[in-house]
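A.B. asks: You'll find work.txt just under this line, and it carries compact mmCIF, C-alpha atoms and all ligand atoms.
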# COMPACT_ATOMS: atom_id res chain seq x y z
CA MET A 1 19.06 5.87 21.57
CA GLY A 2 16.27 5.12 19.04
CA ILE A 3 17.00 3.86 15.51
CA PRO A 4 20.76 4.19 14.88
CA PHE A 5 22.03 6.74 12.36
CA LEU A 6 23.44 4.05 10.02
CA GLN A 7 20.02 2.45 9.63
CA LYS A 8 18.23 5.78 9.18
CA TYR A 9 20.80 6.78 6.57
CA ARG A 10 20.59 3.52 4.61
CA VAL A 11 16.81 3.37 4.64
CA GLY A 12 16.54 7.10 3.84
CA SER A 13 18.93 6.69 0.87
CA TYR A 14 16.94 3.71 -0.37
CA ILE A 15 13.65 5.67 -0.27
CA LEU A 16 15.25 8.66 -1.99
CA LYS A 17 16.52 6.39 -4.76
CA GLN A 18 13.03 4.91 -5.26
CA LYS A 19 11.54 8.40 -5.49
CA ILE A 20 14.18 9.62 -7.96
CA GLN A 21 13.49 6.53 -10.09
CA GLY A 22 9.78 7.37 -10.00
CA ASN A 23 8.77 4.05 -8.39
CA LYS A 24 5.22 4.35 -7.14
CA ARG A 25 5.22 1.15 -5.13
CA TYR A 26 8.28 -0.20 -3.37
CA PRO A 27 8.91 -2.35 -0.29
CA LEU A 28 10.41 -1.02 2.93
CA VAL A 29 10.28 -4.04 5.23
CA LEU A 30 10.07 -7.65 4.12
CA MET A 31 7.99 -9.66 6.58
CA LEU A 32 9.57 -13.10 6.39
CA GLU A 33 7.68 -15.96 8.03
CA PRO A 34 9.85 -19.04 7.61
CA LEU A 35 7.55 -21.16 9.83
CA PHE A 36 4.24 -20.90 11.67
CA GLN A 37 4.92 -23.14 14.65
CA CYS A 38 5.18 -21.49 18.03
CA ASN A 39 5.85 -22.49 21.62
CA LEU A 40 3.04 -20.21 22.83
CA ALA A 41 -0.65 -19.92 21.89
CA CYS A 42 -1.57 -16.28 22.47
CA ALA A 43 -5.23 -15.18 22.56
CA GLY A 44 -4.74 -12.53 19.85
CA CYS A 45 -2.57 -14.60 17.49
CA GLY A 46 -3.72 -15.09 13.91
CA LYS A 47 -0.81 -17.23 12.76
CA ILE A 48 -0.88 -20.54 14.56
CA ASP A 49 -4.19 -22.18 13.68
CA TYR A 50 -2.75 -24.20 10.81
CA PRO A 51 -2.91 -28.01 10.63
CA ASP A 52 0.02 -29.94 12.09
CA GLU A 53 1.54 -30.75 8.70
CA THR A 54 1.78 -27.00 7.96
CA LEU A 55 3.17 -26.26 11.42
CA ARG A 56 5.91 -28.83 10.80
CA ARG A 57 7.01 -27.14 7.57
CA ARG A 58 9.95 -24.71 7.28
CA MET A 59 11.22 -22.38 4.55
CA SER A 60 14.78 -23.37 3.64
CA VAL A 61 17.74 -21.04 4.07
CA GLN A 62 17.95 -20.83 0.28
CA ASP A 63 14.26 -19.87 -0.09
CA CYS A 64 14.53 -17.24 2.65
CA LEU A 65 17.57 -15.61 1.08
CA ALA A 66 16.03 -15.81 -2.40
CA ALA A 67 12.98 -13.93 -1.02
CA VAL A 68 15.29 -11.28 0.47
CA ASP A 69 17.02 -10.83 -2.90
CA GLU A 70 13.79 -10.90 -4.90
CA CYS A 71 12.13 -8.26 -2.71
CA GLY A 72 15.06 -5.88 -2.26
CA ALA A 73 13.68 -4.21 0.90
CA PRO A 74 16.40 -2.73 3.15
CA VAL A 75 14.86 -4.15 6.34
CA ILE A 76 13.82 -7.74 7.02
CA SER A 77 11.52 -8.63 9.89
CA ILE A 78 11.64 -12.34 10.64
CA ALA A 79 8.43 -13.42 12.31
CA GLY A 80 6.37 -16.57 12.33
CA GLY A 81 5.51 -18.43 14.53
CA GLU A 82 8.56 -18.45 16.74
CA PRO A 83 11.66 -18.04 14.53
CA LEU A 84 14.05 -19.46 17.14
CA ILE A 85 12.43 -22.87 16.69
CA HIS A 86 13.82 -22.96 13.11
CA LYS A 87 17.09 -24.90 13.35
CA GLU A 88 18.68 -22.97 10.46
CA MET A 89 17.74 -19.52 11.75
CA PRO A 90 21.38 -18.56 12.50
CA GLN A 91 22.30 -19.22 8.84
CA ILE A 92 19.27 -17.25 7.62
CA VAL A 93 20.22 -14.27 9.82
CA LYS A 94 23.88 -14.51 8.78
CA GLY A 95 22.93 -14.60 5.09
CA ILE A 96 20.76 -11.49 5.42
CA ILE A 97 23.41 -9.57 7.40
CA SER A 98 26.03 -10.45 4.75
CA ARG A 99 23.75 -8.58 2.26
CA LYS A 100 23.94 -5.51 4.54
CA LYS A 101 20.21 -5.65 5.26
CA PHE A 102 18.84 -4.82 8.70
CA VAL A 103 17.32 -7.86 10.42
CA TYR A 104 14.72 -7.78 13.18
CA LEU A 105 14.27 -11.23 14.65
CA CYS A 106 10.83 -11.20 16.31
CA THR A 107 10.76 -13.64 19.21
CA ASN A 108 8.82 -14.36 22.36
CA ALA A 109 12.31 -14.96 23.84
CA LEU A 110 11.45 -18.23 25.60
CA LEU A 111 14.23 -20.03 23.70
CA LEU A 112 16.61 -17.09 23.54
CA GLU A 113 18.70 -17.94 26.61
CA ASP A 114 19.69 -21.26 24.99
CA LYS A 115 20.10 -19.86 21.47
CA MET A 116 21.86 -16.53 22.10
CA ASP A 117 25.33 -18.06 21.52
CA ASP A 118 24.27 -18.80 17.91
CA TYR A 119 24.19 -15.05 17.12
CA ARG A 120 26.69 -12.20 17.20
CA PRO A 121 25.95 -8.54 17.96
CA SER A 122 25.87 -6.45 14.78
CA PRO A 123 24.59 -3.01 13.73
CA TYR A 124 22.47 -4.98 11.24
CA PHE A 125 20.86 -7.30 13.78
CA THR A 126 18.15 -6.71 16.43
CA PHE A 127 16.24 -9.00 18.72
CA SER A 128 12.65 -7.70 18.65
CA ILE A 129 11.13 -9.14 21.82
CA HIS A 130 7.39 -9.76 22.10
CA LEU A 131 6.26 -8.14 25.36
CA ASP A 132 2.70 -6.84 25.62
CA GLY A 133 2.94 -5.20 29.04
CA ASN A 134 4.11 -5.65 32.59
CA LYS A 135 3.93 -9.05 34.30
CA GLU A 136 0.19 -9.60 34.67
CA ARG A 137 -0.72 -8.07 31.30
CA HIS A 138 1.90 -9.95 29.32
CA ASP A 139 1.22 -13.32 30.93
CA THR A 140 -2.52 -12.84 30.26
CA SER A 141 -1.83 -11.81 26.68
CA VAL A 142 0.30 -14.87 25.96
CA CYS A 143 -2.01 -17.13 27.97
CA ARG A 144 0.75 -18.56 30.14
CA GLU A 145 1.93 -17.61 33.61
CA GLY A 146 5.61 -16.96 34.26
CA VAL A 147 6.57 -15.87 30.73
CA TYR A 148 7.26 -12.23 31.71
CA ASP A 149 9.61 -13.31 34.50
CA LYS A 150 11.56 -15.46 32.03
CA VAL A 151 11.79 -12.77 29.36
CA ILE A 152 13.13 -9.84 31.43
CA PRO A 153 16.46 -11.49 32.42
CA VAL A 154 16.96 -12.62 28.82
CA ILE A 155 16.54 -9.03 27.60
CA GLN A 156 19.08 -7.90 30.21
CA GLU A 157 21.54 -10.58 29.10
CA ALA A 158 21.16 -9.70 25.41
CA LEU A 159 21.78 -6.03 26.21
CA LYS A 160 24.80 -6.97 28.35
CA ARG A 161 26.26 -8.87 25.39
CA GLY A 162 25.87 -5.82 23.15
CA PHE A 163 22.89 -6.89 21.05
CA ARG A 164 20.43 -4.36 19.70
CA VAL A 165 17.12 -5.08 21.48
CA THR A 166 13.67 -3.62 20.86
CA VAL A 167 10.35 -4.51 22.43
CA ASN A 168 7.34 -5.29 20.29
CA CYS A 169 4.12 -4.47 22.15
CA THR A 170 0.55 -4.98 20.96
CA LEU A 171 -2.30 -3.26 22.80
CA PHE A 172 -5.57 -5.06 23.37
CA GLN A 173 -8.81 -4.34 25.21
CA ASN A 174 -8.93 -3.47 28.89
CA GLU A 175 -5.62 -1.53 28.79
CA THR A 176 -5.37 1.71 30.73
CA PRO A 177 -3.03 4.54 29.76
CA GLU A 178 -1.41 4.46 33.20
CA GLU A 179 -0.65 0.76 32.91
CA VAL A 180 0.84 1.09 29.43
CA ALA A 181 2.90 4.10 30.59
CA GLU A 182 4.32 2.10 33.51
CA PHE A 183 5.27 -0.67 31.11
CA PHE A 184 7.00 1.81 28.78
CA ASP A 185 8.90 3.14 31.84
CA THR A 186 9.99 -0.40 32.73
CA VAL A 187 11.40 -1.29 29.31
CA THR A 188 12.97 2.16 28.92
CA GLU A 189 14.82 1.68 32.21
CA LEU A 190 16.08 -1.69 30.96
CA GLY A 191 17.95 0.25 28.26
CA ILE A 192 16.30 -1.14 25.12
CA GLU A 193 16.77 0.66 21.82
CA GLY A 194 13.10 1.37 21.17
CA ILE A 195 9.48 0.30 21.55
CA ASN A 196 7.31 -0.96 18.69
CA VAL A 197 3.67 -0.46 19.54
CA SER A 198 0.42 -0.87 17.69
CA PRO A 199 -3.19 -1.80 18.41
CA GLY A 200 -3.87 -5.51 17.91
CA PHE A 201 -5.26 -6.36 14.49
CA SER A 202 -8.62 -8.19 14.51
CA TYR A 203 -7.37 -11.48 13.11
CA GLU A 204 -10.29 -13.57 11.95
CA HIS A 205 -8.33 -16.66 12.93
CA ALA A 206 -7.37 -15.53 16.44
CA PRO A 207 -8.60 -17.80 19.25
CA ARG A 208 -10.26 -14.78 20.92
CA GLN A 209 -12.25 -12.13 19.01
CA ASP A 210 -13.21 -9.96 21.99
CA VAL A 211 -9.70 -8.69 22.71
CA PHE A 212 -9.27 -6.24 19.81
CA LEU A 213 -9.60 -2.45 19.84
CA GLN A 214 -11.65 -0.30 17.47
CA ARG A 215 -9.91 2.64 15.76
CA SER A 216 -11.72 5.34 17.75
CA VAL A 217 -10.85 3.63 21.05
CA SER A 218 -7.25 3.10 19.94
CA LYS A 219 -6.82 6.79 19.11
CA ARG A 220 -8.19 7.94 22.45
CA LEU A 221 -6.04 5.41 24.27
CA PHE A 222 -2.90 6.58 22.46
CA ARG A 223 -3.65 10.24 23.21
CA SER A 224 -3.93 9.37 26.91
CA ILE A 225 -0.72 7.29 26.79
CA PHE A 226 1.18 10.17 25.17
CA GLN A 227 -0.29 12.51 27.80
CA GLU A 228 1.22 10.22 30.44
CA GLY A 229 4.48 10.33 28.50
CA LYS A 230 4.64 14.12 28.81
CA LYS A 231 4.81 13.72 32.62
CA ARG A 232 7.96 11.56 32.40
CA LYS A 233 11.46 12.88 33.04
CA GLN A 234 12.97 10.03 31.03
CA PRO A 235 11.40 10.08 27.56
CA TRP A 236 10.27 6.84 25.91
CA ARG A 237 12.01 5.87 22.68
CA PHE A 238 9.85 4.45 19.93
CA ASN A 239 10.98 2.45 16.96
CA HIS A 240 8.57 4.44 14.77
CA SER A 241 8.49 7.62 12.74
CA SER A 242 7.04 10.62 14.58
CA LEU A 243 4.15 10.79 12.10
CA TYR A 244 3.11 7.17 12.72
CA LEU A 245 2.80 8.06 16.42
CA ASP A 246 0.82 11.15 15.42
CA PHE A 247 -1.43 8.89 13.34
CA LEU A 248 -1.98 6.59 16.33
CA ALA A 249 -3.09 9.66 18.31
CA GLY A 250 -5.73 10.36 15.66
CA ASN A 251 -4.05 13.37 14.06
CA GLN A 252 -3.42 12.03 10.57
CA ASN A 253 -5.92 10.90 7.97
CA TYR A 254 -3.76 8.10 6.55
CA GLN A 255 -4.68 5.28 4.24
CA CYS A 256 -2.58 2.13 4.43
CA THR A 257 0.36 1.37 2.14
CA ALA A 258 -0.01 -2.40 2.16
CA TRP A 259 2.82 -3.04 -0.34
CA GLY A 260 5.31 -1.26 1.96
CA ASN A 261 5.70 -4.38 4.11
CA PRO A 262 5.24 -7.38 1.78
CA THR A 263 5.02 -10.84 3.33
CA ARG A 264 6.71 -14.03 2.18
CA ASN A 265 5.92 -17.27 3.94
CA LEU A 266 5.56 -21.01 3.34
CA PHE A 267 2.75 -20.48 0.82
CA GLY A 268 4.33 -17.73 -1.29
CA TRP A 269 3.87 -13.94 -1.34
CA GLN A 270 0.81 -13.20 0.79
CA ARG A 271 -1.80 -10.77 -0.60
CA PRO A 272 -2.17 -7.99 0.37
CA CYS A 273 -0.28 -7.86 3.67
CA TYR A 274 0.98 -9.67 6.73
CA LEU A 275 -2.38 -9.42 8.48
CA LEU A 276 -4.98 -10.68 5.99
CA VAL A 277 -4.51 -14.40 5.60
CA ASP A 278 -7.37 -15.46 3.30
CA GLU A 279 -6.73 -13.25 0.25
CA GLY A 280 -4.43 -15.63 -1.61
CA TYR A 281 -0.81 -15.74 -2.63
CA ALA A 282 1.37 -14.64 -5.53
CA ALA A 283 4.07 -16.91 -6.92
CA SER A 284 6.64 -14.11 -7.13
CA PHE A 285 7.30 -10.68 -5.64
CA ARG A 286 6.74 -9.09 -9.03
CA GLU A 287 3.36 -10.81 -9.35
CA LEU A 288 2.43 -9.58 -5.85
CA MET A 289 3.28 -5.98 -6.69
CA GLU A 290 1.86 -5.90 -10.22
CA GLU A 291 -1.18 -8.15 -10.06
CA THR A 292 -2.66 -7.45 -6.64
CA ASN A 293 -5.79 -5.29 -6.74
CA TRP A 294 -4.51 -2.91 -4.05
CA ASP A 295 -7.66 -0.71 -4.33
CA LYS A 296 -9.61 -3.56 -2.74
CA TYR A 297 -7.81 -3.01 0.56
CA GLY A 298 -7.41 -0.31 3.19
CA VAL A 299 -9.69 1.44 5.65
CA GLY A 300 -13.07 2.10 4.05
CA ASN A 301 -12.21 -0.16 1.10
CA ASN A 302 -12.55 -3.49 2.81
CA PRO A 303 -14.54 -4.48 5.92
CA LYS A 304 -11.60 -6.58 7.15
CA CYS A 305 -9.44 -3.44 7.23
CA ALA A 306 -11.96 -1.34 9.17
CA ASN A 307 -10.10 -1.18 12.48
CA CYS A 308 -6.53 -1.60 11.25
CA MET A 309 -3.91 0.87 12.46
CA ALA A 310 -1.03 -1.61 12.33
CA HIS A 311 2.49 -0.38 11.67
CA CYS A 312 2.92 -2.81 8.77
CA GLY A 313 0.27 -0.86 6.81
CA PHE A 314 0.54 2.67 8.12
CA GLU A 315 4.22 3.19 8.99
CA PRO A 316 5.13 3.20 5.26
CA THR A 317 2.41 5.86 4.74
CA ALA A 318 3.84 7.91 7.62
CA ILE A 319 7.36 7.61 6.19
CA ASN A 320 6.15 8.78 2.77
CA ASP A 321 4.48 11.73 4.48
CA THR A 322 7.72 12.45 6.35
CA PHE A 323 9.51 12.78 3.00
CA ALA A 324 6.70 14.96 1.63
CA HIS A 325 6.36 17.16 4.75
CA PRO A 326 9.66 17.09 6.68
CA ILE A 327 8.90 20.22 8.71
CA LYS A 328 5.62 18.75 9.96
CA ALA A 329 7.45 15.54 10.90
CA MET A 330 10.18 17.47 12.70
CA ARG A 331 7.62 19.50 14.64
CA VAL A 332 5.90 16.30 15.87
CA SER A 333 9.28 14.79 16.65
CA LEU A 334 10.20 17.79 18.82
CA HIS A 335 6.86 18.32 20.59
CA GLY A 336 5.28 14.83 20.44
CA PRO A 337 1.88 13.95 18.98
CA ARG A 338 -0.98 16.38 19.63
CA ILE A 339 -3.12 15.02 22.47
CA ASP A 340 -6.15 17.29 22.32
CA GLY A 341 -8.37 18.99 19.78
CA PRO A 342 -10.36 17.40 16.95
CA MET A 343 -9.20 14.14 15.41
CA ALA A 344 -8.54 13.70 11.72
CA PRO A 345 -11.39 11.85 9.96
CA ASP A 346 -10.85 8.26 8.84
CA PRO A 347 -10.69 7.60 5.09
CA LEU A 348 -14.13 7.60 3.49
CA GLN A 349 -16.03 4.32 3.75
CA ARG A 350 -16.36 2.84 0.27
CA ASN A 351 -17.50 -0.41 1.81
CA PRO A 352 -19.31 -0.64 5.15
CA ALA A 353 -17.54 -2.22 8.11
CA SER A 354 -18.42 -5.79 8.99
CA PRO A 355 -20.94 -6.31 11.80
CA LYS A 356 -18.03 -7.66 13.87
CA ALA A 357 -16.31 -4.29 13.60
CA ASP A 358 -19.45 -2.55 14.87
CA ILE A 359 -19.23 -3.95 18.39
CA ALA A 360 -19.78 -0.85 20.52
CA GLN A 361 -16.57 0.32 22.16
CA LYS A 362 -16.97 3.74 23.68
CA GLU A 363 -14.37 4.14 26.40
CA PHE A 364 -11.34 2.44 27.90
CA PRO A 365 -10.75 0.50 29.90
CA ILE A 366 -13.25 -1.67 28.09
CA SER A 367 -15.30 -3.78 30.45
CA VAL A 368 -14.13 -7.07 28.97
CA VAL A 369 -11.97 -9.28 31.10
CA VAL A 370 -9.31 -11.15 29.14
CA GLU A 371 -9.43 -14.48 30.88
CA GLN A 372 -6.32 -16.46 31.68
CA LYS A 373 -6.32 -19.37 29.26
CA THR A 374 -4.48 -22.59 29.88
CA SER A 375 -3.87 -24.06 26.46
CA THR A 376 -3.84 -27.83 26.28
CA SER A 377 -2.66 -27.82 22.70
CA THR A 378 0.41 -25.64 23.17
CA PRO A 379 3.56 -27.57 22.33
CA SER A 380 6.22 -27.31 25.00
CA SER A 381 9.62 -26.06 23.97
CA SER A 382 10.97 -29.60 24.35
CA ASN A 383 8.60 -31.38 21.96
CA LEU A 384 8.57 -28.82 19.19
CA THR A 385 8.82 -29.99 15.67
CA ARG A 386 8.86 -26.60 14.21
CA SER A 387 6.65 -21.57 13.95
CA ASP A 388 4.27 -13.75 15.90
CA ARG A 389 1.26 -12.72 15.20
S1 LIG B 401 -5.56 -1.71 6.30
FE1 LIG B 401 -3.79 -2.33 5.03
S2 LIG B 401 -2.30 -3.24 6.47
FE2 LIG B 401 -4.31 -3.18 7.51
S3 LIG B 401 -5.22 -5.19 7.07
FE3 LIG B 401 -5.96 -3.81 5.48
S4 LIG B 401 -4.51 -4.07 3.79
FE4 LIG B 401 -3.54 -4.93 5.61
S1 LIG B 402 1.56 -14.00 18.94
FE1 LIG B 402 3.71 -14.65 18.51
S2 LIG B 402 4.36 -15.64 20.45
FE2 LIG B 402 2.11 -15.56 20.50
S3 LIG B 402 1.43 -17.52 19.62
FE3 LIG B 402 1.48 -16.05 17.94
S4 LIG B 402 3.48 -16.38 17.05
FE4 LIG B 402 3.57 -17.25 19.09
When written as structure tokens, how does the structure in this file appear?

C.D. replies:
Amino acid sequence: MGIPFLQKYRVGSYILKQKIQGNKRYPLVLMLEPLFQCNLACAGCGKIDYPDETLRRRMSVQDCLAAVDECGAPVISIAGGEPLIHKEMPQIVKGIISRKKFVYLCTNALLLEDKMDDYRPSPYFTFSIHLDGNKERHDTSVCREGVYDKVIPVIQEALKRGFRVTVNCTLFQNETPEEVAEFFDTVTELGIEGINVSPGFSYEHAPRQDVFLQRSVSKRLFRSIFQEGKKRKQPWRFNHSSLYLDFLAGNQNYQCTAWGNPTRNLFGWQRPCYLLVDEGYAASFRELMEETNWDKYGVGNNPKCANCMAHCGFEPTAINDTFAHPIKAMRVSLHGPRIDGPMAPDPLQRNPASPKADIAQKEFPISVVVEQKTSTSTPSSSNLTRSDR
């Protein structure tokens, strides 16, 4: 099915209006993080290493809805932490839907069986389920055995009840194209609306630093995945623009559009994006947009951005390019991303990459084993006091 027509129409109209008004910077997706606490402790997570007093905090319903109104983006992605831990999440979702905004509730789905009755199916509401691969891969990625087996029946139940469901998949080291392709087959057969996929961002605060992919490796991996896709009778549906997929395959020389997906969390409006957590906060959305030195960020502009290909930065760029070059976008949509030939160069390096980004990664699978980690500090779902990547 892919993204429904109503959503494409509303978002397309919104972008057209911004362009007619001559707005150079405007938000597409508000990343709302009403809490940081989670009931998992994934190896590649950069959101859960806060002190306990921060993990216990929540944004109120009023603050969440004020952020939605202040920002004005047509799509709201509620992340965290684990949003289903927030006791007032049903009211937050209801308030956003009443504003005719499209809500993606990003969840690891461990609490969803118990909480599903609190929500109603709506064209404006989607459960975006964190699933990084088939059984072994996902359980390794979230550092807990048995999670995959709990999540699949919950996805089936949500689909049975008529909810929109997407799967949010992050790729890390040691993935093979065949394995990823099998996973995409599995979730496609379940009947989900679409797959969100991007290479894991090298969070400085993630418990593991050896799990992230470099850009060159990511591009080659995506070309091989799309090559696998061409062999399938049942096509995969992605929750992305065709040009973002083309970018992942190394065919577009995009710079990030960090302001396209602004982030509001417990501390304010996070500069410059959802991924960089040590760059400070703005007190208001206007301050974020007008007083952030955006030129400091992006590939080649900032060592921390060196390997970033995340959808929160580059999907807005791809969407802008779709509006500028609709025929190119349509051609990629019809034929899929190009999987051979030379790759587009990365943006010029104004600042050298950090030594950490220079770790040699030549081929996949990368010969790093992501060890199974048993976290002793992970709160169980029963003793949670309150917090995705
Ligand atoms: S490249 Fe853009 S989206 Fe990625 S970390 Fe840097 S500022 Fe954020
Ligand atoms: S990646 Fe998501 S599910 Fe995993 S610990 Fe972080 S917030 Fe929780």

A.B. asks: Find the residues of chain A that sit at most 6 Å from ligand LIG 402 (chain B); for each, write down the nearest two atoms and how far apart they are in Å, to one decimal. Count only C-alpha atoms and all ligand atoms. Sort by chain, then by number going up, and give it as a Markdown table.

C.D. replies:
| residue | atom | partner | partner_atom | distance |
| --- | --- | --- | --- | --- |
| A:Cys38 | CA | B:LIG402 | FE4 | 4.7 |
| A:Leu40 | CA | B:LIG402 | S3 | 4.5 |
| A:Ala41 | CA | B:LIG402 | S3 | 3.9 |
| A:Cys42 | CA | B:LIG402 | FE2 | 4.2 |
| A:Cys45 | CA | B:LIG402 | FE3 | 4.3 |
| A:Lys47 | CA | B:LIG402 | FE3 | 5.8 |
| A:Gly80 | CA | B:LIG402 | S4 | 5.5 |
| A:Gly81 | CA | B:LIG402 | S4 | 3.8 |
| A:Glu82 | CA | B:LIG402 | S4 | 5.5 |
| A:Asn108 | CA | B:LIG402 | S2 | 5.0 |
| A:Val142 | CA | B:LIG402 | FE2 | 5.8 |
| A:Asp388 | CA | B:LIG402 | FE1 | 2.8 |
| A:Arg389 | CA | B:LIG402 | S1 | 4.0 |

A.B. asks: For the interface of chain A with ligand LIG 401 (chain B) (cut-off 8 Å, counting only C-alpha atoms and all ligand atoms), please tabulate each contacting residue of chain A alongside its nearest pair of atoms and their separation in Å to one decimal, rows sorted by chain and increasing number, as a tab-separated table.

C.D. replies:
residue	atom	partner	partner_atom	distance
A:Phe201	CA	B:LIG401	S3	7.5
A:Gln255	CA	B:LIG401	S1	7.3
A:Cys256	CA	B:LIG401	FE1	4.7
A:Thr257	CA	B:LIG401	FE1	6.3
A:Ala258	CA	B:LIG401	FE1	4.7
A:Pro272	CA	B:LIG401	S4	5.7
A:Cys273	CA	B:LIG401	FE4	4.8
A:Tyr274	CA	B:LIG401	FE4	6.6
A:Leu275	CA	B:LIG401	S3	5.3
A:Leu276	CA	B:LIG401	S3	5.6
A:Trp294	CA	B:LIG401	S4	7.9
A:Tyr297	CA	B:LIG401	S4	4.7
A:Gly298	CA	B:LIG401	S1	3.9
A:Val299	CA	B:LIG401	S1	5.2
A:Asn302	CA	B:LIG401	FE3	7.1
A:Lys304	CA	B:LIG401	FE3	6.5
A:Cys305	CA	B:LIG401	FE3	3.9
A:Ala306	CA	B:LIG401	S1	7.0
A:Asn307	CA	B:LIG401	S1	7.7
A:Cys308	CA	B:LIG401	FE2	4.6
A:Met309	CA	B:LIG401	FE2	6.4
A:Ala310	CA	B:LIG401	FE2	6.0
A:His311	CA	B:LIG401	S2	7.6
A:Cys312	CA	B:LIG401	S2	5.7
A:Gly313	CA	B:LIG401	S2	3.5
A:Phe314	CA	B:LIG401	S2	6.8

A.B. asks: Save out the residues we just selected, C-alpha atoms, as a short mmCIF file (atom, residue, chain, number, x, y, z; two decimals), keeping the file's coordinate frame.

C.D. replies:
data_model
loop_
_atom_site.label_atom_id
_atom_site.label_comp_id
_atom_site.auth_asym_id
_atom_site.auth_seq_id
_atom_site.Cartn_x
_atom_site.Cartn_y
_atom_site.Cartn_z
CA PHE A 201 -5.26 -6.36 14.49
CA GLN A 255 -4.68 5.28 4.24
CA CYS A 256 -2.58 2.13 4.43
CA THR A 257 0.36 1.37 2.14
CA ALA A 258 -0.01 -2.40 2.16
CA PRO A 272 -2.17 -7.99 0.37
CA CYS A 273 -0.28 -7.86 3.67
CA TYR A 274 0.98 -9.67 6.73
CA LEU A 275 -2.38 -9.42 8.48
CA LEU A 276 -4.98 -10.68 5.99
CA TRP A 294 -4.51 -2.91 -4.05
CA TYR A 297 -7.81 -3.01 0.56
CA GLY A 298 -7.41 -0.31 3.19
CA VAL A 299 -9.69 1.44 5.65
CA ASN A 302 -12.55 -3.49 2.81
CA LYS A 304 -11.60 -6.58 7.15
CA CYS A 305 -9.44 -3.44 7.23
CA ALA A 306 -11.96 -1.34 9.17
CA ASN A 307 -10.10 -1.18 12.48
CA CYS A 308 -6.53 -1.60 11.25
CA MET A 309 -3.91 0.87 12.46
CA ALA A 310 -1.03 -1.61 12.33
CA HIS A 311 2.49 -0.38 11.67
CA CYS A 312 2.92 -2.81 8.77
CA GLY A 313 0.27 -0.86 6.81
CA PHE A 314 0.54 2.67 8.12
#

A.B. asks: To one decimal place in Å, what is the distance between atom CA of Thr107 of chain A and atom CA of Pro4 of chain A?

C.D. replies: 20.9 Å

A.B. asks: Within 12 Å of Thr176 of chain A, counting all atoms listed in the file, which residues qualify if same-chain residues fewer than 2 places away don't, as a CSV table (one decimal) with C-alpha atoms, in the frame of the given file?

C.D. replies:
chain,number,residue,atom,x,y,z
A,133,GLY,CA,2.9,-5.2,29.0
A,137,ARG,CA,-0.7,-8.1,31.3
A,171,LEU,CA,-2.3,-3.3,22.8
A,172,PHE,CA,-5.6,-5.1,23.4
A,173,GLN,CA,-8.8,-4.3,25.2
A,174,ASN,CA,-8.9,-3.5,28.9
A,178,GLU,CA,-1.4,4.5,33.2
A,179,GLU,CA,-0.6,0.8,32.9
A,180,VAL,CA,0.8,1.1,29.4
A,181,ALA,CA,2.9,4.1,30.6
A,182,GLU,CA,4.3,2.1,33.5
A,183,PHE,CA,5.3,-0.7,31.1
A,217,VAL,CA,-10.8,3.6,21.0
A,218,SER,CA,-7.2,3.1,19.9
A,220,ARG,CA,-8.2,7.9,22.4
A,221,LEU,CA,-6.0,5.4,24.3
A,222,PHE,CA,-2.9,6.6,22.5
A,223,ARG,CA,-3.6,10.2,23.2
A,224,SER,CA,-3.9,9.4,26.9
A,225,ILE,CA,-0.7,7.3,26.8
A,228,GLU,CA,1.2,10.2,30.4
A,363,GLU,CA,-14.4,4.1,26.4
A,364,PHE,CA,-11.3,2.4,27.9
A,365,PRO,CA,-10.8,0.5,29.9
A,366,ILE,CA,-13.2,-1.7,28.1
A,367,SER,CA,-15.3,-3.8,30.4

A.B. asks: Find the residues near Leu30 of chain A: any atom within 12 Å, counting all atoms listed in the file, skip ones fewer than 6 places away on the same chain, and give them as a compact mmCIF listing (two decimals) with C-alpha atoms, in the coordinates of the input.

C.D. replies:
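Generated output (out-v6.txt):
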# COMPACT_ATOMS: atom_id res chain seq x y z
CA CYS A 64 14.53 -17.24 2.65
CA LEU A 65 17.57 -15.61 1.08
CA ALA A 67 12.98 -13.93 -1.02
CA VAL A 68 15.29 -11.28 0.47
CA ASP A 69 17.02 -10.83 -2.90
CA GLU A 70 13.79 -10.90 -4.90
CA CYS A 71 12.13 -8.26 -2.71
CA GLY A 72 15.06 -5.88 -2.26
CA ALA A 73 13.68 -4.21 0.90
CA PRO A 74 16.40 -2.73 3.15
CA VAL A 75 14.86 -4.15 6.34
CA ILE A 76 13.82 -7.74 7.02
CA SER A 77 11.52 -8.63 9.89
CA ILE A 78 11.64 -12.34 10.64
CA ALA A 79 8.43 -13.42 12.31
CA ILE A 96 20.76 -11.49 5.42
CA LYS A 101 20.21 -5.65 5.26
CA PHE A 102 18.84 -4.82 8.70
CA VAL A 103 17.32 -7.86 10.42
CA TYR A 104 14.72 -7.78 13.18
CA LEU A 105 14.27 -11.23 14.65
CA ALA A 258 -0.01 -2.40 2.16
CA TRP A 259 2.82 -3.04 -0.34
CA GLY A 260 5.31 -1.26 1.96
CA ASN A 261 5.70 -4.38 4.11
CA PRO A 262 5.24 -7.38 1.78
CA THR A 263 5.02 -10.84 3.33
CA ARG A 264 6.71 -14.03 2.18
CA ASN A 265 5.92 -17.27 3.94
CA TRP A 269 3.87 -13.94 -1.34
CA GLN A 270 0.81 -13.20 0.79
CA CYS A 273 -0.28 -7.86 3.67
CA TYR A 274 0.98 -9.67 6.73
CA PHE A 285 7.30 -10.68 -5.64
CA CYS A 312 2.92 -2.81 8.77
CA PRO A 316 5.13 3.20 5.26

A.B. asks: Name the closest residue to His86 of chain A among the candidates A:Leu35, A:Leu131, A:Ala324, A:Leu110; distances are taken between atoms, counting only C-alpha atoms.

C.D. replies: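 The answer is A:Leu35, which sits nearest to His86 of chain A.
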